[in-house]
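So this one's coords-v4.cif, mmCIF, C-alpha atoms and all ligand atoms:
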```
data_data
#
loop_
_atom_site.label_atom_id
_atom_site.label_comp_id
_atom_site.auth_asym_id
_atom_site.auth_seq_id
_atom_site.Cartn_x
_atom_site.Cartn_y
_atom_site.Cartn_z
CA MET A 1 -72.80 -2.23 -9.03
CA LEU A 2 -76.46 -1.22 -9.19
CA GLU A 3 -77.39 2.12 -10.74
CA THR A 4 -78.56 4.96 -8.53
CA ILE A 5 -82.22 5.87 -9.01
CA LEU A 6 -82.45 8.57 -6.35
CA SER A 7 -79.86 10.85 -4.86
CA THR A 8 -80.08 13.94 -2.74
CA GLU A 9 -77.22 16.30 -2.09
CA SER A 10 -77.12 18.56 0.96
CA ILE A 11 -80.87 19.13 1.22
CA ARG A 12 -81.71 21.96 3.59
CA LYS A 13 -85.09 23.11 4.88
CA SER A 14 -86.18 25.41 7.67
CA PHE A 15 -89.61 26.53 8.75
CA GLY A 16 -88.96 29.98 10.18
CA ALA A 17 -86.08 29.63 12.63
CA HIS A 18 -86.62 25.87 12.93
CA CYS A 19 -84.03 23.97 10.88
CA VAL A 20 -85.74 20.71 9.89
CA LEU A 21 -83.26 19.31 7.33
CA ASP A 22 -79.62 20.27 7.71
CA GLY A 23 -77.77 19.09 4.61
CA VAL A 24 -79.19 15.61 3.95
CA SER A 25 -77.39 13.55 1.31
CA LEU A 26 -78.52 10.03 0.55
CA SER A 27 -78.86 7.69 -2.36
CA VAL A 28 -81.03 4.74 -3.33
CA ARG A 29 -80.03 2.16 -5.92
CA LYS A 30 -82.37 0.58 -8.45
CA GLY A 31 -84.16 -2.43 -7.00
CA GLU A 32 -83.59 -1.59 -3.34
CA ILE A 33 -86.19 -1.35 -0.59
CA VAL A 34 -84.90 1.31 1.77
CA GLY A 35 -86.45 2.33 5.08
CA LEU A 36 -86.34 6.01 6.08
CA LEU A 37 -86.48 6.07 9.86
CA GLY A 38 -86.22 8.57 12.65
CA PRO A 39 -87.98 9.78 15.79
CA ASN A 40 -91.10 11.95 15.52
CA GLY A 41 -90.32 15.34 14.06
CA SER A 42 -86.92 14.30 12.66
CA GLY A 43 -87.83 15.50 9.16
CA LYS A 44 -88.82 12.30 7.30
CA SER A 45 -92.08 13.56 5.79
CA THR A 46 -90.50 16.90 4.97
CA LEU A 47 -87.76 15.08 3.06
CA LEU A 48 -90.36 12.98 1.22
CA ASN A 49 -92.29 16.16 0.40
CA ILE A 50 -89.14 17.70 -1.07
CA LEU A 51 -88.22 14.58 -3.08
CA SER A 52 -91.69 14.45 -4.59
CA GLY A 53 -91.96 18.19 -5.28
CA PHE A 54 -94.68 19.00 -2.74
CA THR A 55 -92.39 21.25 -0.68
CA PRO A 56 -89.54 23.40 -2.03
CA SER A 57 -86.18 22.96 -0.35
CA ASP A 58 -84.05 25.90 0.78
CA GLY A 59 -80.96 24.39 -0.80
CA GLY A 60 -79.42 21.23 -2.18
CA ALA A 61 -80.34 19.03 -5.13
CA VAL A 62 -82.50 16.02 -5.92
CA ASN A 63 -81.77 13.67 -8.81
CA VAL A 64 -84.23 11.00 -9.98
CA ASP A 65 -83.06 8.40 -12.46
CA GLY A 66 -80.45 10.73 -13.93
CA HIS A 67 -82.67 13.84 -14.01
CA ASP A 68 -82.17 16.90 -11.83
CA VAL A 69 -85.69 17.34 -10.42
CA THR A 70 -84.84 20.07 -7.91
CA GLY A 71 -87.71 22.53 -7.83
CA LEU A 72 -89.90 20.63 -10.31
CA PRO A 73 -93.62 20.30 -9.49
CA PRO A 74 -95.01 16.95 -8.30
CA HIS A 75 -96.60 15.98 -11.64
CA ALA A 76 -93.29 16.48 -13.49
CA ILE A 77 -91.43 14.37 -10.95
CA ALA A 78 -94.13 11.69 -11.15
CA ARG A 79 -93.71 11.61 -14.91
CA LEU A 80 -90.02 10.86 -14.38
CA GLY A 81 -91.02 7.86 -12.29
CA LEU A 82 -91.11 8.96 -8.63
CA VAL A 83 -94.55 8.65 -7.03
CA ARG A 84 -95.54 8.81 -3.39
CA THR A 85 -98.36 8.08 -0.98
CA PHE A 86 -99.36 10.11 2.05
CA GLN A 87 -99.59 9.35 5.77
CA LEU A 88 -103.32 10.10 5.76
CA PRO A 89 -104.70 9.37 2.31
CA SER A 90 -107.88 11.26 1.54
CA MET A 91 -110.26 9.67 -0.96
CA PRO A 92 -112.96 11.27 -3.11
CA HIS A 93 -116.58 10.92 -1.87
CA ARG A 94 -118.13 10.55 -5.28
CA MET A 95 -115.89 7.87 -6.74
CA THR A 96 -115.96 4.17 -6.09
CA VAL A 97 -112.80 2.22 -5.34
CA ARG A 98 -112.80 0.90 -8.90
CA GLU A 99 -113.25 4.38 -10.38
CA VAL A 100 -110.32 5.71 -8.34
CA LEU A 101 -108.14 2.96 -9.74
CA GLN A 102 -109.36 3.51 -13.28
CA ALA A 103 -108.43 7.18 -13.03
CA GLY A 104 -104.93 6.33 -11.93
CA CYS A 105 -103.34 5.46 -15.26
CA ARG A 106 -100.43 7.49 -16.57
CA ARG A 107 -100.97 10.26 -19.09
CA GLU A 108 -99.25 8.64 -22.03
CA ALA A 109 -101.22 5.48 -21.42
CA GLY A 110 -104.33 7.62 -21.63
CA LEU A 111 -107.03 8.80 -19.31
CA GLY A 112 -109.18 9.37 -22.32
CA GLY A 113 -112.58 7.83 -21.75
CA ALA A 114 -114.34 4.52 -21.88
CA LEU A 115 -112.60 2.91 -24.82
CA ARG A 116 -109.11 3.21 -23.44
CA ARG A 117 -110.33 2.49 -19.93
CA TRP A 118 -111.73 -0.79 -21.18
CA ARG A 119 -108.21 -1.82 -22.16
CA TYR A 120 -107.06 -1.30 -18.58
CA ASP A 121 -109.87 -3.27 -16.98
CA ALA A 122 -107.74 -6.37 -16.72
CA GLU A 123 -105.04 -4.47 -14.88
CA VAL A 124 -107.56 -2.81 -12.57
CA ALA A 125 -109.04 -6.22 -11.77
CA ARG A 126 -105.56 -7.57 -11.05
CA LEU A 127 -104.78 -4.66 -8.71
CA LEU A 128 -108.13 -4.98 -6.94
CA ASP A 129 -107.36 -8.63 -6.36
CA GLN A 130 -103.72 -8.11 -5.37
CA PHE A 131 -104.61 -5.34 -2.90
CA LEU A 132 -107.60 -7.20 -1.39
CA LEU A 133 -110.10 -4.63 -2.66
CA THR A 134 -112.27 -6.69 -5.01
CA ARG A 135 -115.03 -7.10 -2.41
CA VAL A 136 -115.30 -3.36 -1.86
CA GLN A 137 -114.72 -2.18 -5.42
CA ASP A 138 -118.19 -0.61 -5.77
CA GLN A 139 -118.11 1.23 -2.44
CA PRO A 140 -117.30 4.94 -2.25
CA ALA A 141 -113.53 5.19 -1.77
CA SER A 142 -114.06 7.58 1.14
CA ALA A 143 -115.99 4.86 3.01
CA LEU A 144 -113.02 2.48 3.17
CA SER A 145 -111.25 1.75 6.44
CA GLY A 146 -107.93 3.48 7.12
CA GLY A 147 -105.97 0.36 6.15
CA GLN A 148 -107.99 -0.15 2.97
CA LYS A 149 -107.41 3.49 2.00
CA LYS A 150 -103.67 2.92 2.36
CA LEU A 151 -103.87 -0.14 0.12
CA LEU A 152 -105.93 1.77 -2.44
CA SER A 153 -103.50 4.69 -2.44
CA ILE A 154 -100.58 2.31 -3.15
CA ALA A 155 -102.54 0.47 -5.87
CA THR A 156 -103.51 3.80 -7.44
CA VAL A 157 -99.98 5.17 -7.74
CA LEU A 158 -98.83 1.84 -9.17
CA ARG A 159 -101.16 2.45 -12.14
CA SER A 160 -98.63 4.99 -13.40
CA ARG A 161 -95.93 2.29 -13.51
CA PRO A 162 -93.45 4.13 -11.27
CA LYS A 163 -89.76 3.41 -11.08
CA LEU A 164 -89.54 4.61 -7.49
CA LEU A 165 -92.35 4.34 -4.96
CA CYS A 166 -92.11 6.50 -1.82
CA LEU A 167 -94.45 5.50 0.99
CA ASP A 168 -95.19 7.64 4.05
CA GLU A 169 -96.03 5.42 7.02
CA PRO A 170 -98.03 2.78 5.12
CA THR A 171 -98.77 0.71 8.23
CA ALA A 172 -99.88 3.45 10.61
CA GLY A 173 -103.32 2.46 11.90
CA VAL A 174 -103.28 -0.81 9.97
CA HIS A 175 -104.25 -4.14 11.57
CA PRO A 176 -101.27 -6.52 12.14
CA ASN A 177 -102.71 -9.12 9.71
CA LEU A 178 -102.92 -6.54 6.97
CA ARG A 179 -99.43 -5.35 7.87
CA SER A 180 -97.97 -8.79 7.08
CA ARG A 181 -99.91 -8.84 3.82
CA MET A 182 -98.52 -5.39 3.04
CA VAL A 183 -94.95 -6.69 3.42
CA GLU A 184 -95.75 -9.45 0.90
CA LEU A 185 -97.44 -7.01 -1.46
CA LEU A 186 -94.56 -4.56 -1.41
CA LYS A 187 -92.08 -7.37 -2.02
CA GLU A 188 -94.17 -8.43 -5.03
CA VAL A 189 -94.18 -4.85 -6.30
CA ASN A 190 -90.42 -4.64 -5.80
CA ALA A 191 -89.90 -7.95 -7.62
CA GLN A 192 -91.70 -6.38 -10.58
CA GLY A 193 -88.91 -3.80 -10.77
CA VAL A 194 -90.13 -0.95 -8.55
CA THR A 195 -87.61 0.54 -6.12
CA ILE A 196 -89.15 1.48 -2.76
CA LEU A 197 -88.33 4.13 -0.17
CA VAL A 198 -90.54 3.79 2.88
CA VAL A 199 -90.96 6.06 5.90
CA GLU A 200 -92.05 3.88 8.79
CA HIS A 201 -92.02 3.58 12.58
CA ASP A 202 -92.84 -0.14 12.77
CA MET A 203 -89.44 -1.81 13.23
CA GLU A 204 -90.78 -5.31 12.64
CA PHE A 205 -92.18 -4.18 9.31
CA ILE A 206 -88.84 -2.55 8.43
CA ARG A 207 -86.89 -5.67 9.38
CA GLU A 208 -89.12 -7.88 7.23
CA LEU A 209 -89.26 -5.57 4.25
CA CYS A 210 -86.10 -3.50 3.89
CA GLY A 211 -82.59 -4.40 2.86
CA ARG A 212 -81.21 -1.10 4.14
CA CYS A 213 -82.22 1.76 6.42
CA VAL A 214 -81.25 5.38 6.65
CA VAL A 215 -81.98 7.17 9.89
CA LEU A 216 -82.66 10.87 10.39
CA ASP A 217 -82.33 12.66 13.69
CA ARG A 218 -82.99 16.38 14.07
CA GLY A 219 -82.60 16.88 10.35
CA ALA A 220 -79.29 15.01 9.92
CA LEU A 221 -78.53 11.53 8.64
CA ILE A 222 -77.11 9.51 11.53
CA ALA A 223 -77.09 5.97 10.14
CA ASP A 224 -77.10 3.99 6.91
CA CYS A 225 -77.11 0.28 7.64
CA ALA A 226 -78.98 -3.02 7.50
CA PRO A 227 -82.09 -3.13 9.73
CA ARG A 228 -80.51 -5.73 12.02
CA GLU A 229 -77.61 -3.36 12.68
CA LEU A 230 -79.85 -0.59 14.04
CA VAL A 231 -79.82 -1.87 17.61
CA GLU A 232 -76.02 -2.00 17.54
CA ASN A 233 -75.74 1.64 16.49
CA PRO A 234 -75.29 3.89 19.54
CA ARG A 235 -76.36 7.03 17.65
CA VAL A 236 -79.64 5.39 16.63
CA VAL A 237 -80.30 4.08 20.13
CA GLU A 238 -79.52 7.48 21.58
CA ALA A 239 -81.78 9.23 19.05
CA TYR A 240 -84.75 7.03 19.84
CA LEU A 241 -84.36 6.52 23.55
CA GLY A 242 -81.70 8.89 24.75
CA LYS A 243 -80.02 5.95 26.52
CA ALA A 244 -78.60 2.47 25.99
CA VAL A 245 -81.09 -0.26 25.15
CA GLU A 246 -81.09 -4.00 25.51
CA LYS A 247 -80.13 -5.69 22.23
CA GLY A 248 -83.19 -6.46 20.09
CA LYS A 249 -85.53 -4.21 22.04
CA LEU A 250 -85.33 -1.07 19.92
CA THR A 251 -88.77 0.16 18.93
CA ALA A 252 -89.65 3.30 17.03
N1 LIG A 301 -95.41 23.28 6.93
C1 LIG A 301 -94.74 23.33 8.07
N2 LIG A 301 -94.65 24.46 8.78
C2 LIG A 301 -93.97 24.53 9.93
N3 LIG A 301 -93.31 23.48 10.50
C3 LIG A 301 -93.38 22.31 9.83
C4 LIG A 301 -94.09 22.17 8.60
N4 LIG A 301 -93.96 20.89 8.17
C5 LIG A 301 -93.22 20.27 9.10
N5 LIG A 301 -92.88 21.11 10.10
C6 LIG A 301 -92.07 20.79 11.27
O1 LIG A 301 -90.90 20.14 10.82
C7 LIG A 301 -90.52 19.13 11.76
C8 LIG A 301 -90.36 17.82 11.02
O2 LIG A 301 -91.64 17.39 10.60
P1 LIG A 301 -91.83 16.08 9.75
O3 LIG A 301 -93.29 15.90 9.56
O4 LIG A 301 -90.97 16.12 8.55
O5 LIG A 301 -91.25 14.98 10.75
P2 LIG A 301 -91.38 13.41 10.69
O6 LIG A 301 -90.02 12.87 10.94
O7 LIG A 301 -92.06 12.98 9.45
O8 LIG A 301 -92.30 13.16 11.96
P3 LIG A 301 -93.38 12.00 12.29
O9 LIG A 301 -92.62 10.74 12.41
O10 LIG A 301 -93.96 12.45 13.58
O11 LIG A 301 -94.39 12.00 11.16
C9 LIG A 301 -91.58 19.11 12.82
O12 LIG A 301 -91.13 19.81 13.95
C10 LIG A 301 -92.76 19.82 12.19
O13 LIG A 301 -93.53 20.50 13.14
#
```
Exercise: express the given structure as structure tokens:
Amino acid sequence: MLETILSTESIRKSFGAHCVLDGVSLSVRKGEIVGLLGPNGSGKSTLLNILSGFTPSDGGAVNVDGHDVTGLPPHAIARLGLVRTFQLPSMPHRMTVREVLQAGCRREAGLGGALRRWRYDAEVARLLDQFLLTRVQDQPASALSGGQKKLLSIATVLRSRPKLLCLDEPTAGVHPNLRSRMVELLKEVNAQGVTILVVEHDMEFIRELCGRCVVLDRGALIADCAPRELVENPRVVEAYLGKAVEKGKLTA
């Protein structure tokens, strides 16, 4: 039985009178790649924001690798091993791609100047190569394409050697060729021991990448199953389309 790396218990969140998360409990085991799915507005990003400390919940608890992180700020949660990327990564204007990656190392490994940075050059070069960014390493990070920014944001958070990587729509706006490469990359990252929770609408991507999916609808968990089982699940079909759907034709 694999150990649990992430669990949430009865997470609740409302914005004014709008209840966005209504008691969400889920868990992720070490080594898994789990897809977090749901129609637009179902609360996926809000849940990710709560897990990573960017938004306070109204109730419930979050546990990361045995630590109660409920209410902790993002940097404290990151130090415990949970890092995340954003749907629309923004990049600094005055830093090159390489400089962004060099600044991404974890505190205990040291951000402290040229000498220590020199020791990380090999790893930066490896990440640039792995994430197809070597050619653009001297360009301003803000000048990258949308897809390249997503790759850079994943590479950057990996510098802190996370235990759990949470991705918010990594393929949105990304060319299909790069999408396939992203599946390979994330599988490589996972094989190196990083558990992954990924919010995504692209069902093909989910099918190729994830071993398991959890589905949110109107703030409640309605499914926890293998990706191939999604089209068989009437609650999921109903949530996405509001009607029955031909087998294999479910799209998010
Ligand atoms: N800061 C906020 N203030 C008010 N309402 C918010 C806020 N953040 C999110 N919401 C609302 O909460 C609901 C869920 O939003 P959320 O972004 O979590 O959904 P999502 O499942 O990630 O959607 P999508 O797939 O479209 O990105 C939406 O109705 C949204 O308008």
Quiz item: Using only C-alpha atoms and all ligand atoms, what are the residues with an atom within 7 Å of ligand LIG 301 (chain A), set out as number ranges by chain?
Solution: A: 15, 20, 38-47
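Taking CA of Leu221 (chain A) and CA of Arg12 (chain A) as the two end points, the separation is 12.0 Å.
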Practice problem: Tell me, as a PyMOL selection string, which residues lie within 10 Å of region 127-137 of chain A, counting only C-alpha atoms; anything in the same chain fewer than 2 positions away does not count. | Solution: chain A and resi 96-101+121-125+139-141+143-144+148-152+154-156+158-159+178+181-182+185+188
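With only C-alpha atoms as the atoms that count, the residue of A:Val237, A:Ile50, A:Met95, A:Ala172 with the shortest distance to Asp202 (chain A) is A:Ala172.
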Quiz item: If you count all atoms listed in the file, which residues fall within 7 Å of Gly81 (chain A), apart from same-chain ones fewer than 4 positions away, as a list in words?
Solution: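 So, after excluding close chain neighbours, the residues are Ile77, Pro162, Lys163 and Leu164 of chain A.
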Quiz item: A:Ala239, A:Met203, A:Ile222, A:Cys213: which is nearest Ser27 (chain A), counting only C-alpha atoms?
Solution: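 Of A:Ala239, A:Met203, A:Ile222, A:Cys213, the one nearest Ser27 (chain A) is A:Cys213, counting only C-alpha atoms.
CA of Arg218 (chain A) sits 19.5 Å away from CA of Leu197 (chain A).
Interatomic distance, CA of Gly71 (chain A) to CA of Leu216 (chain A): 22.2 Å.
Among the candidates A:Ser25, A:Asn49, A:Ser90, A:Thr70, the residue lying nearest to Cys166 (chain A) is A:Asn49 (atoms considered: only C-alpha atoms).
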Quiz prompt | Exercise: Asp224 (chain A) partners within 10 Å, only C-alpha atoms, chain neighbours under 5 positions left out, as a ChimeraX atom specification | solution = /A:26,34-36,212-216,229-230,233
Grab the residues selected above and save them as a tab-separated table (two decimals), in the coordinates of the input with C-alpha atoms.
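Printed below is part-v3.tsv as written:
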```tsv
chain	number	residue	atom	x	y	z
A	26	LEU	CA	-78.52	10.03	0.55
A	34	VAL	CA	-84.90	1.31	1.77
A	35	GLY	CA	-86.45	2.33	5.08
A	36	LEU	CA	-86.34	6.01	6.08
A	212	ARG	CA	-81.21	-1.10	4.14
A	213	CYS	CA	-82.22	1.76	6.42
A	214	VAL	CA	-81.25	5.38	6.65
A	215	VAL	CA	-81.98	7.17	9.89
A	216	LEU	CA	-82.66	10.87	10.39
A	229	GLU	CA	-77.61	-3.36	12.68
A	230	LEU	CA	-79.85	-0.59	14.04
A	233	ASN	CA	-75.74	1.64	16.49
```
Self-check item: Pick from A:Thr4, A:Gly60, A:Arg235, A:Leu37 nearest to Val24 (chain A), counting all atoms listed in the file
Solution: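 Closest candidate: A:Gly60.
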Quiz prompt | Nearest to Leu88 (chain A), chosen from A:Pro176, A:Gly147, A:Gly211, A:Gly193, with only C-alpha atoms counted in the distances | solution =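 Answer, going by the shortest atom-to-atom distance: A:Gly147.
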Practice problem: Identify, on the basis of only C-alpha atoms, every residue whose closest approach to Gly31 (chain A) does not exceed 9 Å; exclude the query and any residue fewer than 5 positions from it along the same chain; express the result as a PyMOL selection string. | Solution: chain A and resi 2-3+5+164+190-191+193-196
Self-check item: Nearest to Ser153 (chain A), chosen from A:Pro74, A:Pro170, A:Gly59, A:Gly219, with all atoms listed in the file counted in the distances
Solution: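 Among the listed residues, the smallest separation from Ser153 (chain A) belongs to A:Pro170.
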Padding 3 Å on each side, edges along x, y and z: where is the centre of the box around the listed atoms of region 173-190 of chain A, and how long are its edges in Å to one decimal? Output it as AutoDock Vina command-line options.
```
--center_x -97.3 --center_y -3.5 --center_z 2.9 --size_x 19.8 --size_y 17.9 --size_z 24.4
```
